[in-house]
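Visitor: Let me begin by handing over the structure; questions about it come next.
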Amino acid sequence: CPPCAAAVRKPCRCGAETAASAVCGQPALCDRVCALKRQCRRHRCNATCCPGDAAHHACPLTCNRLLACKQHRCAATCHAGPCAPCQTTSSVPLVCGCGRTRVEAPVACGASLPACRFACERVRACGHYSVAAHECHAADTACPPCAVLVTTPCMCGARELRSIPCYRAGGASCGRICGRLLACGGHTCQRSCHRPDDMCLAPGASCQQRCGKPRKACGHACILPCHSPAMCSEALPCAAKVDVACACGRLTAQRTCGATSVAPSSGAAPLECDELCRVAERNRRVALALGLSERADAPLDGLARMRYSDAVLQFARAHSAWVRDIEAQLAAFVGDRARAALNFPPMRPRQRAFLHALAPAYGCSSRSVDREPVRSVCWARTPHTTLPSIVPSAAARYARPPAVVCSDRVLAAEEADFDDAASHIFEPAQPPVPAPASASVPASAADRQRRKIDFLAISDLRHGLT
């Protein structure tokens with residue numbers, strides 16, 4: 001008989017429905033989609049009315065995951081867990097660079113060539129063998145640089161260089177400045193030895209050296225970057241440094257020229273003499289007034305060459321007796337040319353600092369020796385050792401403020417205590433400033449008081465000059 005075609009109602013295959021319609025003898029199927037994962041644990045079932053047994057949940061797809069060799073993929077049916085080792089083999093043997101170490105076919109995937117125990121014997125392109133043996137390596141790996149010493153021309157071709165490693169042949173520099181004329185026409189290449197095909201300037205670059213042409217306004221060299229063929233800009237102030245000095249020449253400084261086409265003369269005005277310059281000039285004029293012509297320039301020369309710091313002068317004023325004793329020791333040391341060094345007794349840090357600051361004035365070198373509490377200073381003679389034209393004690397006395405002279409001695413001085421004619425050397429170079437109208441002292445009395453101050457200064461300075 002043919003199969004029964006009667007419709008019946010019975011439970012579906014997955015059990016989700018208890019009265020599903022089906023043909024007699026055929027399984028009843030519902031419309032429920034299975035959302036469970038297959039045995040590979042990677043893909044879902046997605047079957048309709050899945051019974052959920054192992055046979056229906058086996059994954060039919062290919063694994064296709066990258067194997068541990070990183071070159072091949074797994075061709076097995078999709079599975080859970082790690083893939084099996086790669087079973088691919090190669091029919092090409094593994095051979096080292098020298099050919100004496102081999103791994104014959106078939107070669108398993110991922111197999112590596114063991115280290116070759118032989119040395120490389122290849123001949124380099126330069127024709128030299130290795131000076132020192134090195135391990136065998138693959139053919140696509142270069143040998144270490146050739147260290148054979150050869151004679152080769154330098155990069156610019158001007159000299160033959162000897163004992164140059166072969167790998168540097170053709171690239172060694174002789175160190176000579178190139179010197180080729182640049183495109184600006186006024187400067188030469190300052191690069192060291194380089195190849196002729198290597199341009200002195202980069203493409204599109206211009207010369208950046210200092211112009212150096214004399215400016216018309218002041219004659220100083222132009223310090224701007226090369227601007228050839230354009231003329232030097234005279235409208236910009238000259239930036240050259242010039243030396244300026246005061247009228248007596250004691251003070252010197254460097255200032256910017258600043259000359260332009262509008263103001264051709266140098267803009268660096270001379271310095272003004274300070275109080276020490278005026279003291280030095282005053283001492284010179286006093287020496288001339290006292291008839292000490294041979295000493296007329298000594299105070300000015302000494303003050304011009306020797307300028308003690310404020311700290312040295314302050315220390316000399318505070319410890320005048322000790323400083324004079326030190327000056328006597330230094331005078332004996334400078335006069336005795338057989339002595340190469342002068343060792344001072346142990347002293348305190350401030351006294352040692354004073355001696356260190358005083359050493360350049362005598363042309364000596366100084367250093368501290370020993371440890372505390374017996375640390376001291378040692379001076380060493382140099383070819384420039386000499387006595388300064390003015391010692392610190394005298395400089396401290398000359399550098400005192402003018403208010404010290406204007407003391408009660410001026411008020412107590414009698415008319416017969418000074419020679420009026422002797423003070424004419426102190427007449428000012430410029431006309432005196434007239435006294436204010438509100439001044440209680442007449443002009444003649446004020447002039448008389450000024451001459452008293454001059455006379456007292458003469459008597460004080462006489463002891464320092466004679």
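Starting from 1 in every chain, residues are counted up; chains themselves are A, B, ... following the order of the structure tokens, and ligands are numbered from 1 as listed.
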Run DSSP on the backbone and give me the residues of range 195-310 of chain A it puts in helix (DSSP H, G or I), as a ChimeraX atom specification.

Guide: /A:275-289,293-295,298-305,310

Visitor: If we count only C-alpha atoms and set the cut-off at 10 Å, which residues sit around Ala357 in chain A, ignoring sequence neighbours fewer than 3 positions away in its own chain? Please answer as a PDB file with N, CA, C and O atoms, in the first residue's frame.

Guide:
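Result file follows (result39.pdb):
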```pdb
ATOM      1  N   TYR A 308      90.232  98.644  42.848  1.00  0.00           N
ATOM      2  CA  TYR A 308      89.833  97.631  43.804  1.00  0.00           C
ATOM      3  C   TYR A 308      88.312  97.599  43.923  1.00  0.00           C
ATOM      4  O   TYR A 308      87.634  98.625  43.751  1.00  0.00           O
ATOM      5  N   SER A 309      87.812  96.437  44.252  1.00  0.00           N
ATOM      6  CA  SER A 309      86.373  96.294  44.437  1.00  0.00           C
ATOM      7  C   SER A 309      85.942  96.962  45.733  1.00  0.00           C
ATOM      8  O   SER A 309      86.761  97.255  46.625  1.00  0.00           O
ATOM      9  N   ALA A 311      84.264  95.657  48.089  1.00  0.00           N
ATOM     10  CA  ALA A 311      84.474  94.763  49.230  1.00  0.00           C
ATOM     11  C   ALA A 311      85.903  94.862  49.750  1.00  0.00           C
ATOM     12  O   ALA A 311      86.135  94.849  50.967  1.00  0.00           O
ATOM     13  N   VAL A 312      86.898  94.954  48.823  1.00  0.00           N
ATOM     14  CA  VAL A 312      88.295  95.075  49.241  1.00  0.00           C
ATOM     15  C   VAL A 312      88.521  96.389  49.973  1.00  0.00           C
ATOM     16  O   VAL A 312      89.172  96.439  51.031  1.00  0.00           O
ATOM     17  N   GLN A 351      89.530  86.980  56.019  1.00  0.00           N
ATOM     18  CA  GLN A 351      90.890  87.426  55.699  1.00  0.00           C
ATOM     19  C   GLN A 351      91.441  86.664  54.496  1.00  0.00           C
ATOM     20  O   GLN A 351      92.131  87.244  53.648  1.00  0.00           O
ATOM     21  N   ARG A 352      91.127  85.368  54.425  1.00  0.00           N
ATOM     22  CA  ARG A 352      91.582  84.604  53.255  1.00  0.00           C
ATOM     23  C   ARG A 352      90.908  85.121  51.979  1.00  0.00           C
ATOM     24  O   ARG A 352      91.546  85.218  50.917  1.00  0.00           O
ATOM     25  N   ALA A 353      89.622  85.461  52.065  1.00  0.00           N
ATOM     26  CA  ALA A 353      88.932  85.992  50.897  1.00  0.00           C
ATOM     27  C   ALA A 353      89.551  87.313  50.450  1.00  0.00           C
ATOM     28  O   ALA A 353      89.672  87.588  49.244  1.00  0.00           O
ATOM     29  N   PHE A 354      89.986  88.151  51.408  1.00  0.00           N
ATOM     30  CA  PHE A 354      90.639  89.410  51.064  1.00  0.00           C
ATOM     31  C   PHE A 354      91.946  89.153  50.325  1.00  0.00           C
ATOM     32  O   PHE A 354      92.251  89.820  49.324  1.00  0.00           O
ATOM     33  N   PRO A 360      95.419  89.317  42.292  1.00  0.00           N
ATOM     34  CA  PRO A 360      95.605  89.856  40.932  1.00  0.00           C
ATOM     35  C   PRO A 360      96.229  91.243  40.912  1.00  0.00           C
ATOM     36  O   PRO A 360      96.912  91.594  39.943  1.00  0.00           O
ATOM     37  N   ALA A 361      96.028  92.067  41.951  1.00  0.00           N
ATOM     38  CA  ALA A 361      96.625  93.395  41.967  1.00  0.00           C
ATOM     39  C   ALA A 361      98.141  93.328  42.029  1.00  0.00           C
ATOM     40  O   ALA A 361      98.830  94.214  41.517  1.00  0.00           O
ATOM     41  N   SER A 366      96.907  82.702  43.713  1.00  0.00           N
ATOM     42  CA  SER A 366      96.656  82.338  45.106  1.00  0.00           C
ATOM     43  C   SER A 366      95.864  81.046  45.166  1.00  0.00           C
ATOM     44  O   SER A 366      95.101  80.717  44.247  1.00  0.00           O
TER      45      SER A 366
END
```

Visitor: Any idea what's packed within 12 Å of range 70-76 of chain A, counting only C-alpha atoms, ignoring anything in its chain fewer than 2 positions away? Could you give it as a PyMOL selection string?

Guide: chain A and resi 40+59-68+78-80+82-89+109-110

Visitor: Selected residues, C-alpha atoms, written as a PDB file, in the first residue's frame, please.

Guide:
```pdb
ATOM      1  CA  CYS A  40      32.547  24.146  18.104  1.00  0.00           C
ATOM      2  CA  CYS A  59      29.377  22.032  13.092  1.00  0.00           C
ATOM      3  CA  PRO A  60      29.799  21.307   9.368  1.00  0.00           C
ATOM      4  CA  LEU A  61      31.960  24.392   8.660  1.00  0.00           C
ATOM      5  CA  THR A  62      35.761  24.506   8.168  1.00  0.00           C
ATOM      6  CA  CYS A  63      37.861  25.831  11.083  1.00  0.00           C
ATOM      7  CA  ASN A  64      40.120  28.112   8.958  1.00  0.00           C
ATOM      8  CA  ARG A  65      41.969  29.531  12.028  1.00  0.00           C
ATOM      9  CA  LEU A  66      45.625  30.593  11.702  1.00  0.00           C
ATOM     10  CA  LEU A  67      47.922  27.902  13.024  1.00  0.00           C
ATOM     11  CA  ALA A  68      50.852  28.398  15.381  1.00  0.00           C
ATOM     12  CA  CYS A  78      35.240  23.467  12.968  1.00  0.00           C
ATOM     13  CA  HIS A  79      36.029  22.280  16.485  1.00  0.00           C
ATOM     14  CA  ALA A  80      36.393  23.490  20.021  1.00  0.00           C
ATOM     15  CA  PRO A  82      43.206  24.611  20.055  1.00  0.00           C
ATOM     16  CA  CYS A  83      44.042  23.442  16.591  1.00  0.00           C
ATOM     17  CA  ALA A  84      46.413  20.576  15.968  1.00  0.00           C
ATOM     18  CA  PRO A  85      50.047  21.379  15.041  1.00  0.00           C
ATOM     19  CA  CYS A  86      50.629  22.290  11.420  1.00  0.00           C
ATOM     20  CA  GLN A  87      51.200  19.173   9.337  1.00  0.00           C
ATOM     21  CA  THR A  88      52.383  20.998   6.213  1.00  0.00           C
ATOM     22  CA  THR A  89      55.818  19.965   4.974  1.00  0.00           C
ATOM     23  CA  CYS A 109      56.523  23.689   8.844  1.00  0.00           C
ATOM     24  CA  GLY A 110      58.198  25.966  11.396  1.00  0.00           C
TER      25      GLY A 110
END
```

Visitor: Measuring atom to atom with only C-alpha atoms, identify which of A:Pro229, A:Pro237, A:Pro346, A:Pro373 is nearest to Cys184 in chain A.

Guide: A:Pro229

Visitor: Compile the contact shell of range 139-149 of chain A as a PyMOL selection string: residues with an atom at most 8 Å away, counting only C-alpha atoms, same-chain residues fewer than 6 positions apart removed.

Guide: chain A and resi 97+124+128+130-131+162-167

Visitor: With all heavy atoms retained, could you export that selection as a PDB file, in the first residue's frame?

Guide:
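Below you can see selection16.pdb, which holds the result:
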```pdb
ATOM      1  N   GLY A  97      74.416  29.486   4.887  1.00  0.00           N
ATOM      2  CA  GLY A  97      75.083  30.288   3.879  1.00  0.00           C
ATOM      3  C   GLY A  97      76.276  29.612   3.258  1.00  0.00           C
ATOM      4  O   GLY A  97      76.529  29.758   2.049  1.00  0.00           O
ATOM      5  N   ARG A 124      84.162  39.352  -0.152  1.00  0.00           N
ATOM      6  CA  ARG A 124      83.352  40.565  -0.279  1.00  0.00           C
ATOM      7  C   ARG A 124      83.448  41.143  -1.686  1.00  0.00           C
ATOM      8  O   ARG A 124      84.313  40.773  -2.488  1.00  0.00           O
ATOM      9  CB  ARG A 124      83.814  41.606   0.742  1.00  0.00           C
ATOM     10  CG  ARG A 124      83.544  41.222   2.191  1.00  0.00           C
ATOM     11  CD  ARG A 124      83.959  42.363   3.092  1.00  0.00           C
ATOM     12  NE  ARG A 124      83.560  42.147   4.477  1.00  0.00           N
ATOM     13  CZ  ARG A 124      84.270  41.488   5.370  1.00  0.00           C
ATOM     14  NH1 ARG A 124      85.442  40.963   5.011  1.00  0.00           N
ATOM     15  NH2 ARG A 124      83.832  41.332   6.605  1.00  0.00           N
ATOM     16  N   HIS A 128      88.275  41.622  -0.521  1.00  0.00           N
ATOM     17  CA  HIS A 128      89.006  41.285   0.692  1.00  0.00           C
ATOM     18  C   HIS A 128      88.288  40.188   1.461  1.00  0.00           C
ATOM     19  O   HIS A 128      87.057  40.100   1.440  1.00  0.00           O
ATOM     20  CB  HIS A 128      89.161  42.516   1.597  1.00  0.00           C
ATOM     21  CG  HIS A 128      89.923  43.635   0.947  1.00  0.00           C
ATOM     22  ND1 HIS A 128      89.509  44.954   1.007  1.00  0.00           N
ATOM     23  CD2 HIS A 128      91.065  43.632   0.208  1.00  0.00           C
ATOM     24  CE1 HIS A 128      90.371  45.713   0.361  1.00  0.00           C
ATOM     25  NE2 HIS A 128      91.322  44.931  -0.141  1.00  0.00           N
ATOM     26  N   SER A 130      87.678  38.443   5.309  1.00  0.00           N
ATOM     27  CA  SER A 130      87.492  39.003   6.640  1.00  0.00           C
ATOM     28  C   SER A 130      88.805  38.951   7.413  1.00  0.00           C
ATOM     29  O   SER A 130      89.483  37.919   7.449  1.00  0.00           O
ATOM     30  CB  SER A 130      86.411  38.231   7.398  1.00  0.00           C
ATOM     31  OG  SER A 130      85.172  38.364   6.743  1.00  0.00           O
ATOM     32  N   VAL A 131      89.157  40.081   8.023  1.00  0.00           N
ATOM     33  CA  VAL A 131      90.344  40.114   8.875  1.00  0.00           C
ATOM     34  C   VAL A 131      90.114  39.256  10.117  1.00  0.00           C
ATOM     35  O   VAL A 131      90.981  38.498  10.545  1.00  0.00           O
ATOM     36  CB  VAL A 131      90.669  41.571   9.257  1.00  0.00           C
ATOM     37  CG1 VAL A 131      91.851  41.621  10.210  1.00  0.00           C
ATOM     38  CG2 VAL A 131      90.946  42.393   8.006  1.00  0.00           C
ATOM     39  N   ARG A 162      95.759  57.618   4.023  1.00  0.00           N
ATOM     40  CA  ARG A 162      96.294  56.287   4.302  1.00  0.00           C
ATOM     41  C   ARG A 162      95.628  55.700   5.540  1.00  0.00           C
ATOM     42  O   ARG A 162      95.076  56.413   6.371  1.00  0.00           O
ATOM     43  CB  ARG A 162      97.810  56.355   4.507  1.00  0.00           C
ATOM     44  CG  ARG A 162      98.589  56.839   3.274  1.00  0.00           C
ATOM     45  CD  ARG A 162     100.078  56.850   3.565  1.00  0.00           C
ATOM     46  NE  ARG A 162     100.855  57.287   2.411  1.00  0.00           N
ATOM     47  CZ  ARG A 162     102.173  57.388   2.390  1.00  0.00           C
ATOM     48  NH1 ARG A 162     102.874  57.074   3.491  1.00  0.00           N
ATOM     49  NH2 ARG A 162     102.795  57.798   1.302  1.00  0.00           N
ATOM     50  N   SER A 163      95.727  54.366   5.604  1.00  0.00           N
ATOM     51  CA  SER A 163      95.226  53.611   6.763  1.00  0.00           C
ATOM     52  C   SER A 163      93.753  53.913   7.033  1.00  0.00           C
ATOM     53  O   SER A 163      93.339  54.172   8.168  1.00  0.00           O
ATOM     54  CB  SER A 163      96.078  53.917   8.010  1.00  0.00           C
ATOM     55  OG  SER A 163      97.440  53.589   7.789  1.00  0.00           O
ATOM     56  N   ILE A 164      92.977  53.893   5.974  1.00  0.00           N
ATOM     57  CA  ILE A 164      91.533  54.106   6.090  1.00  0.00           C
ATOM     58  C   ILE A 164      90.853  52.746   5.966  1.00  0.00           C
ATOM     59  O   ILE A 164      91.166  51.971   5.056  1.00  0.00           O
ATOM     60  CB  ILE A 164      91.028  55.061   4.994  1.00  0.00           C
ATOM     61  CG1 ILE A 164      91.746  56.404   5.098  1.00  0.00           C
ATOM     62  CG2 ILE A 164      89.517  55.250   5.096  1.00  0.00           C
ATOM     63  CD1 ILE A 164      91.511  57.131   6.398  1.00  0.00           C
ATOM     64  N   PRO A 165      89.916  52.375   6.851  1.00  0.00           N
ATOM     65  CA  PRO A 165      89.194  51.105   6.692  1.00  0.00           C
ATOM     66  C   PRO A 165      88.512  51.036   5.333  1.00  0.00           C
ATOM     67  O   PRO A 165      88.003  52.031   4.824  1.00  0.00           O
ATOM     68  CB  PRO A 165      88.183  51.133   7.841  1.00  0.00           C
ATOM     69  CG  PRO A 165      88.768  52.070   8.852  1.00  0.00           C
ATOM     70  CD  PRO A 165      89.516  53.091   8.072  1.00  0.00           C
ATOM     71  N   CYS A 166      88.524  49.847   4.765  1.00  0.00           N
ATOM     72  CA  CYS A 166      88.012  49.683   3.413  1.00  0.00           C
ATOM     73  C   CYS A 166      86.562  50.143   3.297  1.00  0.00           C
ATOM     74  O   CYS A 166      86.170  50.721   2.278  1.00  0.00           O
ATOM     75  CB  CYS A 166      88.142  48.214   3.001  1.00  0.00           C
ATOM     76  SG  CYS A 166      87.500  47.859   1.350  1.00  0.00           S
ATOM     77  N   TYR A 167      85.739  49.893   4.325  1.00  0.00           N
ATOM     78  CA  TYR A 167      84.329  50.251   4.208  1.00  0.00           C
ATOM     79  C   TYR A 167      84.121  51.763   4.151  1.00  0.00           C
ATOM     80  O   TYR A 167      83.062  52.249   3.754  1.00  0.00           O
ATOM     81  CB  TYR A 167      83.527  49.653   5.374  1.00  0.00           C
ATOM     82  CG  TYR A 167      83.734  50.317   6.707  1.00  0.00           C
ATOM     83  CD1 TYR A 167      82.916  51.337   7.141  1.00  0.00           C
ATOM     84  CD2 TYR A 167      84.761  49.899   7.548  1.00  0.00           C
ATOM     85  CE1 TYR A 167      83.103  51.935   8.362  1.00  0.00           C
ATOM     86  CE2 TYR A 167      84.957  50.488   8.779  1.00  0.00           C
ATOM     87  CZ  TYR A 167      84.130  51.504   9.187  1.00  0.00           C
ATOM     88  OH  TYR A 167      84.326  52.095  10.402  1.00  0.00           O
TER      89      TYR A 167
END
```

Visitor: I want to know what sits within 9 Å of Ala183 in chain A, based on only C-alpha atoms, with residues of the same chain fewer than 4 positions away left out; could you give that as a list in words?

Guide: His187, Thr188, Ser206 and Cys207 of chain A

Visitor: Can you list, as number ranges by chain, every protein, DNA or RNA residue that comes within 9 Å of Lys216 in chain A when you count only C-alpha atoms, leaving out same-chain residues fewer than 6 positions away?

Guide: A: 232, 234, 260-261, 264

Visitor: Which is closer to Arg307 in chain A than all the others in A:Arg284, A:Arg371, A:Ser389, A:Cys226, using only C-alpha atoms?

Guide: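 Of A:Arg284, A:Arg371, A:Ser389, A:Cys226, the one nearest Arg307 in chain A is A:Ser389, counting only C-alpha atoms.
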
Visitor: Take CA of Ala396 in chain A and CA of Ala280 in chain A and report the distance between them in Å, one decimal.

Guide: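 Atom-to-atom, CA of Ala396 in chain A and CA of Ala280 in chain A are spaced 12.9 Å apart.
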
Visitor: Between CA of Ala328 in chain A and CA of Arg397 in chain A, what is the spacing in Å?

Guide: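 We find that CA of Arg397 in chain A and CA of Ala328 in chain A lie 17.2 Å from each other.
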